[in-house]
file coords04.cif (mmCIF, C-alpha atoms)
data_data
loop_
_atom_site.label_atom_id
_atom_site.label_comp_id
_atom_site.auth_asym_id
_atom_site.auth_seq_id
_atom_site.Cartn_x
_atom_site.Cartn_y
_atom_site.Cartn_z
CA MET U 1 155.58 51.60 106.18
CA ILE U 2 155.99 53.99 103.22
CA SER U 3 156.60 51.03 100.92
CA LYS U 4 153.48 49.25 102.19
CA THR U 5 151.40 52.40 101.74
CA ARG U 6 152.76 52.80 98.20
CA ASN U 7 151.89 49.19 97.33
CA TYR U 8 148.42 49.68 98.81
CA ASP U 9 147.87 52.72 96.63
CA LEU U 10 149.12 50.88 93.54
CA HIS U 11 146.80 47.96 94.26
CA LEU U 12 143.91 50.42 94.44
CA VAL U 13 144.93 51.87 91.08
CA ILE U 14 144.88 48.37 89.56
CA VAL U 15 141.44 47.68 91.09
CA PHE U 16 139.80 50.88 89.89
CA MET U 17 141.49 51.07 86.49
CA SER U 18 140.74 47.41 85.68
CA LEU U 19 137.08 47.85 86.64
CA ALA U 20 136.92 51.11 84.72
CA THR U 21 138.32 49.36 81.64
CA ALA U 22 135.67 46.64 81.82
CA MET U 23 132.78 49.03 82.51
CA ILE U 24 133.71 51.61 79.87
CA CYS U 25 134.37 49.05 77.14
CA SER U 26 131.22 47.09 78.01
CA PHE U 27 129.08 50.24 77.85
CA GLY U 28 130.63 51.53 74.63
CA VAL U 29 130.63 48.20 72.79
CA GLY U 30 127.22 47.16 74.11
CA SER U 31 125.45 50.40 73.26
CA ALA U 32 127.01 50.60 69.79
CA LEU U 33 126.14 46.95 69.11
CA LEU U 34 122.53 47.40 70.23
CA ALA U 35 122.14 50.53 68.11
CA GLU U 36 123.58 48.70 65.09
CA ALA U 37 121.50 45.53 65.51
CA GLY U 38 118.27 47.29 66.50
CA SER U 39 117.24 44.52 68.88
CA ILE U 40 118.77 41.87 71.13
CA SER U 41 119.23 38.60 69.27
CA LEU U 42 121.88 36.03 68.37
CA ASP U 43 122.33 37.81 65.04
CA MET U 44 124.23 40.49 66.97
CA LEU U 45 127.16 38.07 67.14
CA LEU U 46 127.44 38.13 63.35
CA ILE U 47 128.39 41.82 63.43
CA ARG U 48 132.15 42.26 63.52
CA PRO U 49 133.19 44.42 66.51
CA ASP U 50 135.51 46.60 64.43
CA THR U 51 132.65 47.71 62.16
CA LEU U 52 130.97 49.40 65.14
CA GLY U 53 133.55 52.18 64.91
CA ASP U 54 132.67 53.05 61.31
CA TYR U 55 131.61 56.71 61.33
CA MET U 56 129.82 56.30 58.00
CA ASN U 57 127.57 53.37 58.93
CA SER U 58 127.50 52.76 62.70
CA PRO U 59 124.94 54.92 64.58
CA LEU U 60 127.02 55.14 67.76
CA ALA U 61 130.51 55.01 66.27
CA VAL U 62 131.56 58.02 68.35
CA VAL U 63 130.54 56.29 71.57
CA PHE U 64 132.31 53.09 70.52
CA ASN U 65 135.56 54.82 69.59
CA LEU U 66 135.56 57.03 72.69
CA SER U 67 135.04 53.95 74.85
CA LEU U 68 138.13 52.39 73.25
CA LEU U 69 140.10 55.55 73.97
CA ALA U 70 139.00 55.72 77.60
CA GLY U 71 139.08 51.97 78.23
CA GLY U 72 142.50 51.58 76.66
CA SER U 73 143.84 54.46 78.76
CA CYS U 74 142.50 52.87 81.96
CA PHE U 75 144.01 49.51 81.04
CA LEU U 76 147.34 51.19 80.30
CA LEU U 77 147.32 52.84 83.75
CA ALA U 78 146.46 49.51 85.37
CA MET U 79 149.43 47.84 83.69
CA VAL U 80 151.75 50.67 84.72
CA ALA U 81 150.60 50.08 88.30
CA VAL U 82 151.25 46.34 87.93
CA PHE U 83 154.76 47.10 86.66
CA ASN U 84 155.49 49.26 89.72
CA THR U 85 153.85 46.88 92.20
CA TYR U 86 155.54 43.58 91.36
CA GLN U 87 159.29 43.41 91.08
CA ASP U 88 159.79 39.96 89.51
CA GLY U 89 160.71 39.78 85.86
CA LEU U 90 157.69 37.77 84.70
CA SER U 91 155.18 40.18 86.23
CA ARG U 92 157.00 43.15 84.74
CA TYR U 93 157.10 41.52 81.32
CA LEU U 94 153.36 40.84 81.64
CA ALA U 95 152.83 44.51 82.51
CA MET U 96 154.88 45.70 79.54
CA VAL U 97 152.94 43.50 77.12
CA GLY U 98 149.75 44.74 78.79
CA CYS U 99 150.87 48.31 78.09
CA VAL U 100 151.17 47.41 74.40
CA VAL U 101 147.62 46.01 74.53
CA GLY U 102 146.40 49.24 76.14
CA VAL U 103 148.13 51.41 73.55
CA SER U 104 146.72 49.31 70.70
CA ILE U 105 143.18 49.70 72.11
CA ILE U 106 143.67 53.46 72.27
CA LEU U 107 144.95 53.51 68.67
CA MET U 108 141.94 51.49 67.49
CA GLY U 109 139.77 54.26 68.94
CA VAL U 110 141.85 56.92 67.21
CA PHE U 111 141.98 55.03 63.89
CA PRO U 112 138.66 53.18 63.31
CA VAL U 113 137.88 51.33 60.10
CA ASN U 114 137.46 54.64 58.27
CA PHE U 115 141.28 54.81 58.36
CA LEU U 116 141.46 51.30 56.95
CA ASP U 117 145.21 50.74 56.46
CA THR U 118 146.18 52.15 59.85
CA HIS U 119 143.29 50.38 61.56
CA ARG U 120 144.36 47.03 60.17
CA LYS U 121 147.87 47.54 61.53
CA VAL U 122 146.79 48.57 65.04
CA SER U 123 144.12 45.85 65.23
CA THR U 124 146.74 43.26 64.27
CA LEU U 125 148.99 44.69 66.99
CA TYR U 126 146.10 44.30 69.45
CA LEU U 127 145.55 40.69 68.39
CA ILE U 128 149.22 39.68 68.64
CA SER U 129 149.83 41.54 71.93
CA SER U 130 146.66 40.00 73.44
CA ILE U 131 147.89 36.51 72.57
CA VAL U 132 151.34 37.21 74.04
CA LEU U 133 149.74 38.72 77.17
CA HIS U 134 147.60 35.66 77.84
CA PHE U 135 150.51 33.31 77.11
CA VAL U 136 152.54 35.12 79.77
CA CYS U 137 149.51 34.91 82.09
CA ILE U 138 149.64 31.11 81.85
CA LEU U 139 153.32 31.16 82.82
CA ASP U 140 152.54 33.59 85.64
CA TYR U 141 149.81 31.29 86.99
CA PHE U 142 152.33 28.57 87.81
CA LYS U 143 154.84 30.80 89.59
CA PRO U 144 154.89 30.98 93.42
CA GLY U 145 152.76 33.81 94.80
CA SER U 146 150.92 34.44 91.55
CA THR U 147 147.90 36.77 91.62
CA MET U 148 146.33 34.74 88.80
CA ASN U 149 143.39 32.60 89.89
CA LYS U 150 141.54 29.75 88.17
CA ARG U 151 138.90 32.05 86.70
CA MET U 152 141.57 34.22 85.11
CA LEU U 153 143.31 31.09 83.83
CA SER U 154 140.06 29.87 82.23
CA LEU U 155 139.52 33.23 80.54
CA THR U 156 143.15 33.24 79.43
CA ILE U 157 142.73 29.83 77.78
CA ILE U 158 139.56 31.01 76.01
CA ALA U 159 141.34 34.16 74.80
CA LEU U 160 144.29 32.11 73.54
CA ILE U 161 142.02 29.74 71.62
CA CYS U 162 140.10 32.62 70.01
CA GLY U 163 143.29 34.55 69.30
CA THR U 164 144.88 31.50 67.67
CA ILE U 165 141.80 31.01 65.46
CA LEU U 166 141.97 34.65 64.35
CA ILE U 167 145.70 34.43 63.66
CA MET U 168 145.09 31.36 61.49
CA LEU U 169 142.33 33.15 59.55
CA LEU U 170 144.24 36.40 59.17
CA ASP U 171 145.35 37.35 55.67
CA TRP U 172 148.87 38.63 56.36
CA ASN U 173 149.07 40.39 53.02
CA GLN U 174 146.08 42.63 53.74
CA LEU U 175 146.05 42.27 57.55
CA ASP U 176 142.34 41.48 57.36
CA PHE U 177 140.00 38.53 57.69
CA PRO U 178 137.94 36.73 55.04
CA PRO U 179 134.24 37.65 54.78
CA CYS U 180 131.61 35.41 56.30
CA SER U 181 130.46 32.46 54.22
CA ASN U 182 127.32 32.89 52.13
CA TYR U 183 126.50 29.23 52.66
CA LEU U 184 126.42 29.50 56.45
CA PRO U 185 125.65 33.17 57.17
CA GLN U 186 124.39 32.29 60.64
CA PHE U 187 127.82 30.94 61.60
CA CYS U 188 130.66 33.41 61.07
CA VAL U 189 133.85 32.11 62.67
CA VAL U 190 135.63 35.48 62.47
CA SER U 191 132.86 37.40 64.25
CA LEU U 192 132.34 34.72 66.91
CA ALA U 193 136.08 34.53 67.62
CA MET U 194 136.34 38.34 67.81
CA TRP U 195 133.43 38.61 70.24
CA SER U 196 134.74 35.75 72.37
CA LEU U 197 138.19 37.36 72.56
CA THR U 198 136.63 40.74 73.41
CA GLN U 199 134.46 39.32 76.18
CA ALA U 200 137.29 37.21 77.57
CA ASN U 201 139.52 40.29 77.81
CA ILE U 202 136.78 42.34 79.50
CA LEU U 203 136.02 39.60 82.04
CA TRP U 204 139.76 39.13 82.58
CA CYS U 205 139.96 42.78 83.67
CA VAL U 206 137.09 42.21 86.11
CA CYS U 207 138.82 39.15 87.58
CA LEU U 208 142.10 41.07 87.87
CA SER U 209 140.28 43.75 89.85
CA PHE U 210 138.70 41.19 92.20
CA SER U 211 142.07 39.48 92.65
CA MET U 212 143.63 42.79 93.68
CA MET U 213 140.74 43.39 96.11
CA LYS U 214 141.52 40.06 97.73
CA THR U 215 145.19 41.00 97.95
CA ILE U 216 144.27 44.31 99.61
CA LYS U 217 142.10 42.53 102.19
CA LEU U 218 144.93 40.13 103.02
CA GLN U 219 147.32 43.06 103.43
CA GLN U 220 144.86 44.80 105.75
CA GLN U 221 144.45 41.66 107.85
CA VAL U 222 148.23 41.36 108.21
CA ALA U 223 148.45 45.04 109.14
CA TYR U 224 145.70 44.72 111.77
CA LYS U 225 147.38 41.69 113.33
CA TRP U 226 150.68 43.57 113.44
CA LEU U 227 149.02 46.51 115.17
CA GLU U 228 147.33 44.24 117.69
CA ASN U 229 150.60 42.52 118.57
CA TYR U 230 152.35 45.86 118.72
#
call {"tool": "encode", "arguments": {"input": "coords04.cif", "output": "structure tokens"}}
result
Amino acid sequence: MISKTRNYDLHLVIVFMSLATAMICSFGVGSALLAEAGSISLDMLLIRPDTLGDYMNSPLAVVFNLSLLAGGSCFLLAMVAVFNTYQDGLSRYLAMVGCVVGVSIILMGVFPVNFLDTHRKVSTLYLISSIVLHFVCILDYFKPGSTMNKRMLSLTIIALICGTILIMLLDWNQLDFPPCSNYLPQFCVVSLAMWSLTQANILWCVCLSFSMMKTIKLQQQVAYKWLENY
């Protein structure tokens, strides 16, 4: 009974921390993006997400960076809960990689583009750890009793595609990406891939939370049936 109660509590931590990650990051990124763009339009997608944390040029850089700090901390706590909930090796490896993702998000909030060299290193860590996380998610999807659902798998595939594009475009000498083309300013592959990866990760957190809610409901149904038979 103690073990079941502990697992129930850990599932609740995953639910709330995953939702908190998505809500905090969505608010921080969305508000900073709107303040930078001035109005809602498709041109917003041409603004690189990392530039929103520039204290010298972004109007709501403080909000953006604080949202990374808070959102990354919530994601880190969610992954710690995943590590302590599931005992199989694949789930624990997923949780450990997720912890690296959470730490890298926190560091991007601590070191925005104003600290250019450090920011490039931590943003590259975020990119690589995100790709590894979603690769492990695909492996986890095919294991028996996986908590991954089809929506999470779809988001994982999108994140992997965007992450692969960014890895291919990354200049490993400077740990930065090439500027947008002057010939096609309305189509910036780097910005579009960054935004797609960001949104895929946020929605993945939402789906993880809903998946844990479903798991909690199933556990409650089993508990109620046990009490009725008892």
call {"tool": "closest_atom_pairs", "arguments": {"input": "coords04.cif", "of": "stretch 9-94 of chain U", "to": "stretch 194-200 of chain U", "cutoff": "10 Å", "atoms": "all atoms listed in the file", "output": "tab-separated table"}}
result
residue	atom	partner	partner_atom	distance
U:Ala22	CA	U:Gln199	CA	9.3
U:Cys25	CA	U:Thr198	CA	9.4
U:Ser26	CA	U:Gln199	CA	8.6
U:Val29	CA	U:Thr198	CA	9.6
U:Met44	CA	U:Trp195	CA	9.9
U:Leu45	CA	U:Trp195	CA	7.0
U:Leu46	CA	U:Trp195	CA	9.1
U:Ile47	CA	U:Trp195	CA	9.1
U:Arg48	CA	U:Met194	CA	7.2
U:Pro49	CA	U:Trp195	CA	6.9
U:Asp50	CA	U:Met194	CA	9.0
call {"tool": "resolve_selection", "arguments": {"input": "coords04.cif", "expression": "the PyMOL selection byres ((chain U and resi 110) around 10)", "output": "PyMOL selection string"}}
result
chain U and resi 53+65-66+68-69+104-109+111-113+115+118-119+122
call {"tool": "resolve_selection", "arguments": {"input": "coords04.cif", "expression": "the PyMOL selection byres ((chain U and resi 33) around 9)", "output": "PyMOL selection string"}}
result
chain U and resi 28-32+34-38+44+47+49+52+58+60+64
call {"tool": "closest_residue", "arguments": {"input": "coords04.cif", "among": "U:Leu192, U:Ile158, U:Ala78, U:Leu116", "to": "U:Cys180", "atoms": "all atoms listed in the file"}}
result
U:Leu192
call {"tool": "residues_around", "arguments": {"input": "coords04.cif", "residues": "U:Leu76", "least_positions_apart": "2", "cutoff": "6 Å", "atoms": "all atoms listed in the file", "output": "mmCIF file with C-alpha atoms, in the frame of the given file"}}
result
data_model
loop_
_atom_site.group_PDB
_atom_site.id
_atom_site.type_symbol
_atom_site.label_atom_id
_atom_site.label_comp_id
_atom_site.auth_asym_id
_atom_site.auth_seq_id
_atom_site.Cartn_x
_atom_site.Cartn_y
_atom_site.Cartn_z
ATOM 1 C CA SER U 73 143.840 54.460 78.760
ATOM 2 C CA CYS U 74 142.500 52.870 81.960
ATOM 3 C CA ALA U 78 146.460 49.510 85.370
ATOM 4 C CA MET U 79 149.430 47.840 83.690
ATOM 5 C CA CYS U 99 150.870 48.310 78.090
ATOM 6 C CA GLY U 102 146.400 49.240 76.140
#
call {"tool": "residues_around", "arguments": {"input": "coords04.cif", "residues": "U:Ser154", "least_positions_apart": "4", "cutoff": "10 Å", "atoms": "all atoms listed in the file", "output": "number ranges by chain"}}
result
U: 138, 149-150, 158-160, 200, 204
call {"tool": "residues_near_point", "arguments": {"input": "coords04.cif", "point": "(150.8, 44.5, 81.0)", "cutoff": "9 Å", "atoms": "only C-alpha atoms", "output": "count of residues only"}}
result
20
call {"tool": "atom_distance", "arguments": {"input": "coords04.cif", "atom1": "atom CA of U:Thr51", "atom2": "atom CA of U:Phe16"}}
result
28.8 Å
call {"tool": "atom_distance", "arguments": {"input": "coords04.cif", "atom1": "atom CA of U:Phe27", "atom2": "atom CA of U:Thr85"}}
result
28.8 Å
call {"tool": "resolve_selection", "arguments": {"input": "coords04.cif", "expression": "the PyMOL selection byres ((chain U and resi 205) around 10)", "output": "VMD selection string"}}
result
chain U and resid 14 to 15 17 to 23 75 78 152 199 to 204 206 to 211
call {"tool": "atom_distance", "arguments": {"input": "coords04.cif", "atom1": "atom CA of U:Gly145", "atom2": "atom CA of U:Thr215"}}
result
10.9 Å
call {"tool": "closest_residue", "arguments": {"input": "coords04.cif", "among": "U:Leu175, U:Cys137, U:Met148, U:Ala193", "to": "U:Cys162", "atoms": "only C-alpha atoms"}}
result
U:Ala193
call {"tool": "closest_residue", "arguments": {"input": "coords04.cif", "among": "U:Ile24, U:Val190, U:Leu77, U:Val13", "to": "U:Ile167", "atoms": "all atoms listed in the file"}}
result
U:Val190
